[in-house]
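my_file_12.txt (compact mmCIF, N, CA and C atoms)
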# COMPACT_ATOMS: atom_id res chain seq x y z
N MET A 1 93.87 87.33 129.57
CA MET A 1 94.57 87.39 128.30
C MET A 1 94.53 86.01 127.63
N VAL A 2 94.47 86.02 126.33
CA VAL A 2 94.43 84.80 125.54
C VAL A 2 95.86 84.41 125.18
N SER A 3 96.25 83.19 125.49
CA SER A 3 97.59 82.70 125.16
C SER A 3 97.69 82.44 123.66
N ILE A 4 98.90 82.33 123.15
CA ILE A 4 99.06 82.05 121.72
C ILE A 4 98.49 80.68 121.36
N ASP A 5 98.59 79.71 122.26
CA ASP A 5 98.00 78.40 122.00
C ASP A 5 96.48 78.49 121.89
N ARG A 6 95.88 79.24 122.80
CA ARG A 6 94.42 79.43 122.75
C ARG A 6 94.04 80.23 121.51
N PHE A 7 94.84 81.22 121.15
CA PHE A 7 94.63 82.01 119.93
C PHE A 7 94.55 81.08 118.72
N GLU A 8 95.49 80.15 118.63
CA GLU A 8 95.51 79.20 117.51
C GLU A 8 94.26 78.31 117.52
N ASP A 9 93.84 77.87 118.71
CA ASP A 9 92.63 77.05 118.82
C ASP A 9 91.39 77.82 118.35
N ILE A 10 91.27 79.06 118.82
CA ILE A 10 90.14 79.89 118.42
C ILE A 10 90.16 80.13 116.92
N LEU A 11 91.33 80.43 116.40
CA LEU A 11 91.47 80.70 114.97
C LEU A 11 91.03 79.49 114.14
N GLU A 12 91.39 78.31 114.59
CA GLU A 12 90.98 77.10 113.89
C GLU A 12 89.46 76.98 113.87
N GLN A 13 88.82 77.28 115.00
CA GLN A 13 87.36 77.22 115.07
C GLN A 13 86.73 78.27 114.14
N LEU A 14 87.29 79.46 114.13
CA LEU A 14 86.76 80.53 113.27
C LEU A 14 86.94 80.19 111.80
N ALA A 15 88.06 79.58 111.47
CA ALA A 15 88.33 79.18 110.08
C ALA A 15 87.32 78.14 109.62
N GLU A 16 86.88 77.29 110.52
CA GLU A 16 85.90 76.25 110.18
C GLU A 16 84.51 76.82 109.92
N GLU A 17 84.26 78.05 110.35
CA GLU A 17 82.97 78.69 110.09
C GLU A 17 82.80 79.06 108.62
N LEU A 18 83.90 79.16 107.90
CA LEU A 18 83.87 79.65 106.52
C LEU A 18 83.67 78.52 105.52
N PRO A 19 82.98 78.80 104.42
CA PRO A 19 82.77 77.77 103.40
C PRO A 19 84.09 77.29 102.79
N ALA A 20 84.13 76.04 102.42
CA ALA A 20 85.33 75.45 101.83
C ALA A 20 85.77 76.19 100.58
N GLU A 21 84.85 76.75 99.83
CA GLU A 21 85.18 77.47 98.59
C GLU A 21 86.08 78.68 98.85
N PHE A 22 85.99 79.25 100.04
CA PHE A 22 86.83 80.40 100.37
C PHE A 22 88.31 80.05 100.31
N TYR A 23 88.61 78.78 100.51
CA TYR A 23 90.00 78.34 100.58
C TYR A 23 90.61 78.02 99.21
N ASP A 24 89.78 78.07 98.15
CA ASP A 24 90.32 77.83 96.81
C ASP A 24 91.46 78.79 96.54
N GLN A 25 92.58 78.27 96.11
CA GLN A 25 93.79 79.01 95.76
C GLN A 25 94.51 79.63 96.96
N LEU A 26 94.05 79.36 98.17
CA LEU A 26 94.74 79.84 99.38
C LEU A 26 95.68 78.70 99.81
N ASN A 27 96.69 78.47 98.99
CA ASN A 27 97.53 77.29 99.17
C ASN A 27 98.40 77.34 100.42
N GLY A 28 98.65 78.53 100.96
CA GLY A 28 99.46 78.65 102.17
C GLY A 28 98.65 78.64 103.45
N GLY A 29 97.34 78.65 103.32
CA GLY A 29 96.47 78.58 104.49
C GLY A 29 96.52 79.82 105.37
N ILE A 30 96.34 79.59 106.65
CA ILE A 30 96.33 80.65 107.66
C ILE A 30 97.50 80.40 108.60
N VAL A 31 98.31 81.44 108.80
CA VAL A 31 99.52 81.33 109.61
C VAL A 31 99.40 82.28 110.81
N VAL A 32 99.83 81.84 111.98
CA VAL A 32 99.89 82.71 113.16
C VAL A 32 101.33 83.18 113.32
N ASP A 33 101.50 84.48 113.42
CA ASP A 33 102.81 85.10 113.63
C ASP A 33 102.77 85.76 115.01
N PRO A 34 103.77 85.54 115.85
CA PRO A 34 103.75 86.14 117.19
C PRO A 34 104.06 87.64 117.19
N GLY A 35 104.39 88.19 116.05
CA GLY A 35 104.81 89.59 115.96
C GLY A 35 103.69 90.59 116.18
N HIS A 36 104.09 91.85 116.19
CA HIS A 36 103.15 92.97 116.38
C HIS A 36 103.58 94.15 115.50
N PRO A 37 103.54 93.96 114.18
CA PRO A 37 104.00 95.01 113.28
C PRO A 37 103.09 96.23 113.29
N LEU A 38 103.73 97.38 113.19
CA LEU A 38 102.99 98.62 113.03
C LEU A 38 102.79 98.89 111.54
N HIS A 39 101.67 99.47 111.20
CA HIS A 39 101.39 99.82 109.81
C HIS A 39 102.37 100.92 109.38
N PRO A 40 102.80 100.92 108.13
CA PRO A 40 103.72 101.98 107.66
C PRO A 40 103.17 103.40 107.86
N ALA A 41 101.86 103.55 107.90
CA ALA A 41 101.25 104.87 108.11
C ALA A 41 101.16 105.26 109.58
N ASP A 42 101.58 104.38 110.48
CA ASP A 42 101.48 104.65 111.91
C ASP A 42 102.16 105.97 112.27
N GLU A 43 101.48 106.75 113.09
CA GLU A 43 102.05 108.02 113.53
C GLU A 43 102.14 108.12 115.05
N ASP A 44 101.43 107.27 115.75
CA ASP A 44 101.36 107.39 117.21
C ASP A 44 101.75 106.11 117.93
N GLY A 45 102.31 105.13 117.22
CA GLY A 45 102.68 103.87 117.85
C GLY A 45 101.49 103.03 118.25
N ASP A 46 100.36 103.20 117.53
CA ASP A 46 99.15 102.48 117.91
C ASP A 46 98.41 101.84 116.74
N LEU A 47 98.97 101.93 115.54
CA LEU A 47 98.28 101.39 114.36
C LEU A 47 98.91 100.05 113.99
N TYR A 48 98.47 99.03 114.70
CA TYR A 48 99.03 97.69 114.51
C TYR A 48 98.36 96.99 113.34
N ILE A 49 99.14 96.18 112.65
CA ILE A 49 98.60 95.29 111.63
C ILE A 49 98.13 94.04 112.35
N MET A 50 96.85 93.75 112.25
CA MET A 50 96.26 92.61 112.95
C MET A 50 96.32 91.35 112.09
N GLY A 51 96.12 91.54 110.82
CA GLY A 51 96.15 90.43 109.87
C GLY A 51 96.59 90.94 108.52
N GLU A 52 96.99 90.02 107.67
CA GLU A 52 97.49 90.43 106.36
C GLU A 52 97.26 89.29 105.36
N TYR A 53 96.76 89.66 104.21
CA TYR A 53 96.65 88.71 103.11
C TYR A 53 97.88 88.90 102.25
N ARG A 54 98.58 87.81 101.98
CA ARG A 54 99.83 87.89 101.23
C ARG A 54 99.76 87.02 99.97
N VAL A 55 100.35 87.58 98.92
CA VAL A 55 100.56 86.83 97.68
C VAL A 55 102.05 86.89 97.43
N ASP A 56 102.70 85.73 97.52
CA ASP A 56 104.14 85.64 97.41
C ASP A 56 104.49 84.67 96.28
N PRO A 57 105.42 85.05 95.40
CA PRO A 57 105.77 84.17 94.29
C PRO A 57 106.25 82.78 94.74
N GLY A 58 106.92 82.72 95.86
CA GLY A 58 107.42 81.44 96.36
C GLY A 58 106.47 80.73 97.29
N MET A 59 105.81 81.47 98.14
CA MET A 59 104.95 80.88 99.18
C MET A 59 103.49 80.75 98.74
N GLY A 60 103.10 81.45 97.72
CA GLY A 60 101.72 81.41 97.27
C GLY A 60 100.85 82.41 98.01
N LYS A 61 99.58 82.08 98.14
CA LYS A 61 98.60 82.96 98.78
C LYS A 61 98.29 82.43 100.17
N TYR A 62 98.36 83.34 101.14
CA TYR A 62 98.08 82.92 102.52
C TYR A 62 97.70 84.12 103.36
N ILE A 63 97.16 83.82 104.53
CA ILE A 63 96.73 84.85 105.49
C ILE A 63 97.59 84.73 106.73
N VAL A 64 98.06 85.88 107.23
CA VAL A 64 98.83 85.92 108.47
C VAL A 64 97.99 86.64 109.52
N MET A 65 97.89 86.04 110.68
CA MET A 65 97.23 86.67 111.82
C MET A 65 98.31 86.94 112.86
N PHE A 66 98.44 88.20 113.28
CA PHE A 66 99.51 88.62 114.18
C PHE A 66 99.05 88.58 115.64
N TYR A 67 99.40 87.50 116.31
CA TYR A 67 99.02 87.33 117.71
C TYR A 67 99.51 88.51 118.56
N GLY A 68 100.75 88.94 118.35
CA GLY A 68 101.30 90.03 119.15
C GLY A 68 100.52 91.32 119.00
N SER A 69 99.99 91.58 117.81
CA SER A 69 99.17 92.78 117.61
C SER A 69 97.87 92.67 118.38
N PHE A 70 97.24 91.49 118.33
CA PHE A 70 96.01 91.30 119.10
C PHE A 70 96.30 91.50 120.58
N ARG A 71 97.42 90.97 121.03
CA ARG A 71 97.78 91.09 122.44
C ARG A 71 97.96 92.55 122.84
N ARG A 72 98.60 93.33 121.98
CA ARG A 72 98.82 94.75 122.31
C ARG A 72 97.53 95.55 122.25
N VAL A 73 96.68 95.24 121.30
CA VAL A 73 95.44 96.01 121.14
C VAL A 73 94.38 95.58 122.16
N LEU A 74 94.25 94.28 122.38
CA LEU A 74 93.18 93.78 123.25
C LEU A 74 93.63 93.53 124.68
N GLY A 75 94.93 93.29 124.88
CA GLY A 75 95.47 93.10 126.22
C GLY A 75 94.64 92.17 127.08
N GLY A 76 94.11 92.71 128.16
CA GLY A 76 93.37 91.91 129.13
C GLY A 76 91.88 91.80 128.84
N ALA A 77 91.46 92.11 127.62
CA ALA A 77 90.04 91.98 127.27
C ALA A 77 89.61 90.53 127.44
N ASP A 78 88.33 90.33 127.65
CA ASP A 78 87.88 88.95 127.82
C ASP A 78 87.90 88.21 126.49
N GLU A 79 87.84 86.89 126.60
CA GLU A 79 87.99 86.04 125.41
C GLU A 79 86.95 86.34 124.34
N SER A 80 85.75 86.69 124.73
CA SER A 80 84.71 86.98 123.73
C SER A 80 85.10 88.16 122.85
N GLU A 81 85.75 89.16 123.44
CA GLU A 81 86.22 90.30 122.64
C GLU A 81 87.31 89.87 121.67
N TRP A 82 88.22 89.01 122.14
CA TRP A 82 89.25 88.47 121.25
C TRP A 82 88.61 87.73 120.09
N ILE A 83 87.63 86.89 120.39
CA ILE A 83 86.98 86.10 119.35
C ILE A 83 86.32 87.00 118.32
N ASN A 84 85.60 88.01 118.78
CA ASN A 84 84.93 88.94 117.86
C ASN A 84 85.93 89.64 116.95
N GLU A 85 87.01 90.13 117.53
CA GLU A 85 88.03 90.84 116.74
C GLU A 85 88.74 89.87 115.79
N MET A 86 89.05 88.70 116.26
CA MET A 86 89.71 87.70 115.41
C MET A 86 88.81 87.33 114.22
N ARG A 87 87.52 87.15 114.50
CA ARG A 87 86.58 86.81 113.43
C ARG A 87 86.54 87.95 112.39
N ASP A 88 86.45 89.18 112.86
CA ASP A 88 86.41 90.33 111.94
C ASP A 88 87.66 90.40 111.08
N VAL A 89 88.82 90.25 111.70
CA VAL A 89 90.08 90.35 110.96
C VAL A 89 90.22 89.19 109.98
N LEU A 90 89.91 87.99 110.42
CA LEU A 90 90.02 86.83 109.53
C LEU A 90 89.11 87.00 108.31
N ARG A 91 87.89 87.42 108.52
CA ARG A 91 86.96 87.61 107.40
C ARG A 91 87.41 88.75 106.50
N HIS A 92 87.98 89.78 107.09
CA HIS A 92 88.52 90.88 106.29
C HIS A 92 89.61 90.36 105.35
N GLU A 93 90.52 89.55 105.88
CA GLU A 93 91.61 89.02 105.06
C GLU A 93 91.10 88.04 104.01
N PHE A 94 90.09 87.25 104.36
CA PHE A 94 89.50 86.37 103.36
C PHE A 94 88.83 87.18 102.25
N ARG A 95 88.25 88.30 102.62
CA ARG A 95 87.63 89.14 101.58
C ARG A 95 88.70 89.64 100.61
N HIS A 96 89.88 90.01 101.13
CA HIS A 96 90.98 90.38 100.23
C HIS A 96 91.28 89.23 99.27
N HIS A 97 91.34 88.01 99.79
CA HIS A 97 91.64 86.84 98.97
C HIS A 97 90.58 86.64 97.89
N ILE A 98 89.33 86.70 98.28
CA ILE A 98 88.24 86.45 97.34
C ILE A 98 88.16 87.56 96.30
N GLU A 99 88.29 88.81 96.74
CA GLU A 99 88.27 89.91 95.79
C GLU A 99 89.46 89.85 94.85
N GLY A 100 90.62 89.44 95.37
CA GLY A 100 91.80 89.30 94.52
C GLY A 100 91.58 88.27 93.43
N ARG A 101 90.94 87.17 93.78
CA ARG A 101 90.63 86.13 92.78
C ARG A 101 89.68 86.65 91.73
N ALA A 102 88.79 87.56 92.13
CA ALA A 102 87.78 88.09 91.21
C ALA A 102 88.26 89.33 90.47
N GLY A 103 89.45 89.84 90.82
CA GLY A 103 89.95 91.04 90.17
C GLY A 103 89.26 92.31 90.64
N VAL A 104 88.77 92.28 91.88
CA VAL A 104 88.05 93.43 92.46
C VAL A 104 88.94 94.08 93.51
N ARG A 105 88.87 95.40 93.64
CA ARG A 105 89.72 96.12 94.60
C ARG A 105 88.93 96.90 95.65
N ASP A 106 87.65 96.61 95.80
CA ASP A 106 86.80 97.39 96.71
C ASP A 106 87.36 97.47 98.12
N LEU A 107 87.78 96.35 98.68
CA LEU A 107 88.30 96.35 100.05
C LEU A 107 89.63 97.08 100.13
N GLU A 108 90.47 96.94 99.12
CA GLU A 108 91.74 97.69 99.10
C GLU A 108 91.47 99.19 99.14
N ILE A 109 90.49 99.63 98.37
CA ILE A 109 90.12 101.05 98.34
C ILE A 109 89.60 101.47 99.71
N TRP A 110 88.75 100.65 100.31
CA TRP A 110 88.21 100.95 101.65
C TRP A 110 89.36 101.06 102.65
N ASP A 111 90.31 100.13 102.60
CA ASP A 111 91.47 100.18 103.50
C ASP A 111 92.23 101.49 103.33
N GLU A 112 92.45 101.89 102.08
CA GLU A 112 93.16 103.14 101.80
C GLU A 112 92.40 104.34 102.38
N GLU A 113 91.08 104.31 102.28
CA GLU A 113 90.25 105.38 102.85
C GLU A 113 90.38 105.41 104.37
N GLN A 114 90.44 104.24 105.01
CA GLN A 114 90.60 104.17 106.46
C GLN A 114 91.95 104.75 106.89
N ILE A 115 92.99 104.47 106.13
CA ILE A 115 94.33 105.01 106.44
C ILE A 115 94.32 106.52 106.26
N ALA A 116 93.67 107.01 105.22
CA ALA A 116 93.57 108.46 105.00
C ALA A 116 92.83 109.12 106.16
N ALA A 117 91.77 108.48 106.65
CA ALA A 117 91.03 109.02 107.79
C ALA A 117 91.89 109.01 109.05
N TYR A 118 92.67 107.95 109.25
CA TYR A 118 93.59 107.87 110.39
C TYR A 118 94.59 109.03 110.34
N ARG A 119 95.16 109.26 109.17
CA ARG A 119 96.13 110.35 109.02
C ARG A 119 95.49 111.71 109.30
N ALA A 120 94.28 111.89 108.83
CA ALA A 120 93.57 113.15 109.08
C ALA A 120 93.32 113.34 110.57
N ARG A 121 92.93 112.27 111.27
CA ARG A 121 92.73 112.36 112.73
C ARG A 121 94.04 112.69 113.44
N SER A 122 95.13 112.08 112.98
CA SER A 122 96.44 112.35 113.59
C SER A 122 96.85 113.80 113.39
N ARG A 123 96.62 114.32 112.19
CA ARG A 123 96.95 115.74 111.92
C ARG A 123 96.10 116.66 112.79
N GLU A 124 94.83 116.32 112.92
CA GLU A 124 93.93 117.14 113.74
C GLU A 124 94.35 117.09 115.21
N LYS A 125 94.75 115.93 115.67
CA LYS A 125 95.22 115.78 117.04
C LYS A 125 96.48 116.62 117.29
N GLU A 126 97.39 116.63 116.31
CA GLU A 126 98.62 117.43 116.44
C GLU A 126 98.31 118.91 116.56
N LYS A 127 97.29 119.36 115.85
CA LYS A 127 96.89 120.78 115.91
C LYS A 127 96.44 121.17 117.31
N HIS A 128 95.82 120.23 118.00
CA HIS A 128 95.28 120.51 119.34
C HIS A 128 96.25 120.21 120.47
N ASP A 129 97.38 119.60 120.15
CA ASP A 129 98.37 119.29 121.20
C ASP A 129 99.34 120.43 121.41

The structure in this file should be written as structure tokens.
Amino acid sequence: MVSIDRFEDILEQLAEELPAEFYDQLNGGIVVDPGHPLHPADEDGDLYIMGEYRVDPGMGKYIVMFYGSFRRVLGGADESEWINEMRDVLRHEFRHHIEGRAGVRDLEIWDEEQIAAYRARSREKEKHD
């Protein structure tokens, strides 16, 4: 398992992979939260929020990475799996930031489609239980 300290170290390395321009207007940077929030659409106690792009009137624009969610989803997976998932989530949240700056909603729409598919799978599962 990856400790929260190691999580922060890995996250710093992953953040350095991205071009400096990605950070324009991301005044709050990247924050690690030890929590493990469930998505509001969760139906089975398994739809964790891994990361979140936030725009707050007081705090500005920033990305939150939820260590506790990674811990619950990845558990005892090896570090390389953690790194791959962390990279995917971080880039996903940066895409929200970049699209938001450009006035584009493509990723938001994709996210909504993924939630709709999750709900459909949950309904189908209930039919068979």

* **Near-range 41-54 of chain A list (5 Å; all atoms listed in the file; drop same-chain fewer than 4 positions) as a VMD selection string** => chain A and resid 37 61 to 66

Dump of N, CA and C atoms for the selected residues, as a PDB file, in the coordinates of the input:
ATOM      1  N   PRO A  37     103.540  93.960 114.180  1.00  0.00           N
ATOM      2  CA  PRO A  37     104.000  95.010 113.280  1.00  0.00           C
ATOM      3  C   PRO A  37     103.090  96.230 113.290  1.00  0.00           C
ATOM      4  N   LYS A  61      99.580  82.080  98.140  1.00  0.00           N
ATOM      5  CA  LYS A  61      98.600  82.960  98.780  1.00  0.00           C
ATOM      6  C   LYS A  61      98.290  82.430 100.170  1.00  0.00           C
ATOM      7  N   TYR A  62      98.360  83.340 101.140  1.00  0.00           N
ATOM      8  CA  TYR A  62      98.080  82.920 102.520  1.00  0.00           C
ATOM      9  C   TYR A  62      97.700  84.120 103.360  1.00  0.00           C
ATOM     10  N   ILE A  63      97.160  83.820 104.530  1.00  0.00           N
ATOM     11  CA  ILE A  63      96.730  84.850 105.490  1.00  0.00           C
ATOM     12  C   ILE A  63      97.590  84.730 106.730  1.00  0.00           C
ATOM     13  N   VAL A  64      98.060  85.880 107.230  1.00  0.00           N
ATOM     14  CA  VAL A  64      98.830  85.920 108.470  1.00  0.00           C
ATOM     15  C   VAL A  64      97.990  86.640 109.520  1.00  0.00           C
ATOM     16  N   MET A  65      97.890  86.040 110.680  1.00  0.00           N
ATOM     17  CA  MET A  65      97.230  86.670 111.820  1.00  0.00           C
ATOM     18  C   MET A  65      98.310  86.940 112.860  1.00  0.00           C
ATOM     19  N   PHE A  66      98.440  88.200 113.280  1.00  0.00           N
ATOM     20  CA  PHE A  66      99.510  88.620 114.180  1.00  0.00           C
ATOM     21  C   PHE A  66      99.050  88.580 115.640  1.00  0.00           C
TER      22      PHE A  66
END

* **Two-atom distance - CA of Gly68 in chain A, CA of Ile115 in chain A (Å)** =>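 Computed distance, CA of Gly68 in chain A to CA of Ile115 in chain A, equals 20.8 Å.
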
* Any idea what the distance is between atom C of Asp88 in chain A and atom N of Glu126 in chain A? ->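 Atom-to-atom, atom C of Asp88 in chain A to atom N of Glu126 in chain A, that is 28.5 Å.
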
* Structure fact -> For Ile98 in chain A, the closest of A:Met1, A:Ala15, A:Arg123, A:Phe22 counting all atoms listed in the file is A:Phe22

* Asked: chain A: which residues are strand (DSSP E) by DSSP, as a PyMOL selection string?
  -> chain A and resi 29-33+51-56+60-66

* Close residues, range 107-113 of chain A itself excluded, 8 Å, all atoms listed in the file, min 5 positions apart in chain, as a count of residues only -> 5

* **All residues 8 Å or closer to Ile10 in chain A, all atoms listed in the file, same chain fewer than 4 positions away omitted, as a list in words** =>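 Surrounding residues, per the criterion: Ile4, Asp5, Arg6, Leu14, Ala15, Glu16, Ile83, Met86 and Arg87 of chain A.
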
* Any idea what the distance is between atom N of His36 in chain A and CA of Ser69 in chain A? -> 5.2 Å

* Using all atoms listed in the file, which of the listed residues (A:Tyr67, A:Arg105, A:Glu81, A:Phe94) sits closest to Gly35 in chain A? ->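 Counting all atoms listed in the file, the residue closest to Gly35 in chain A is A:Tyr67.
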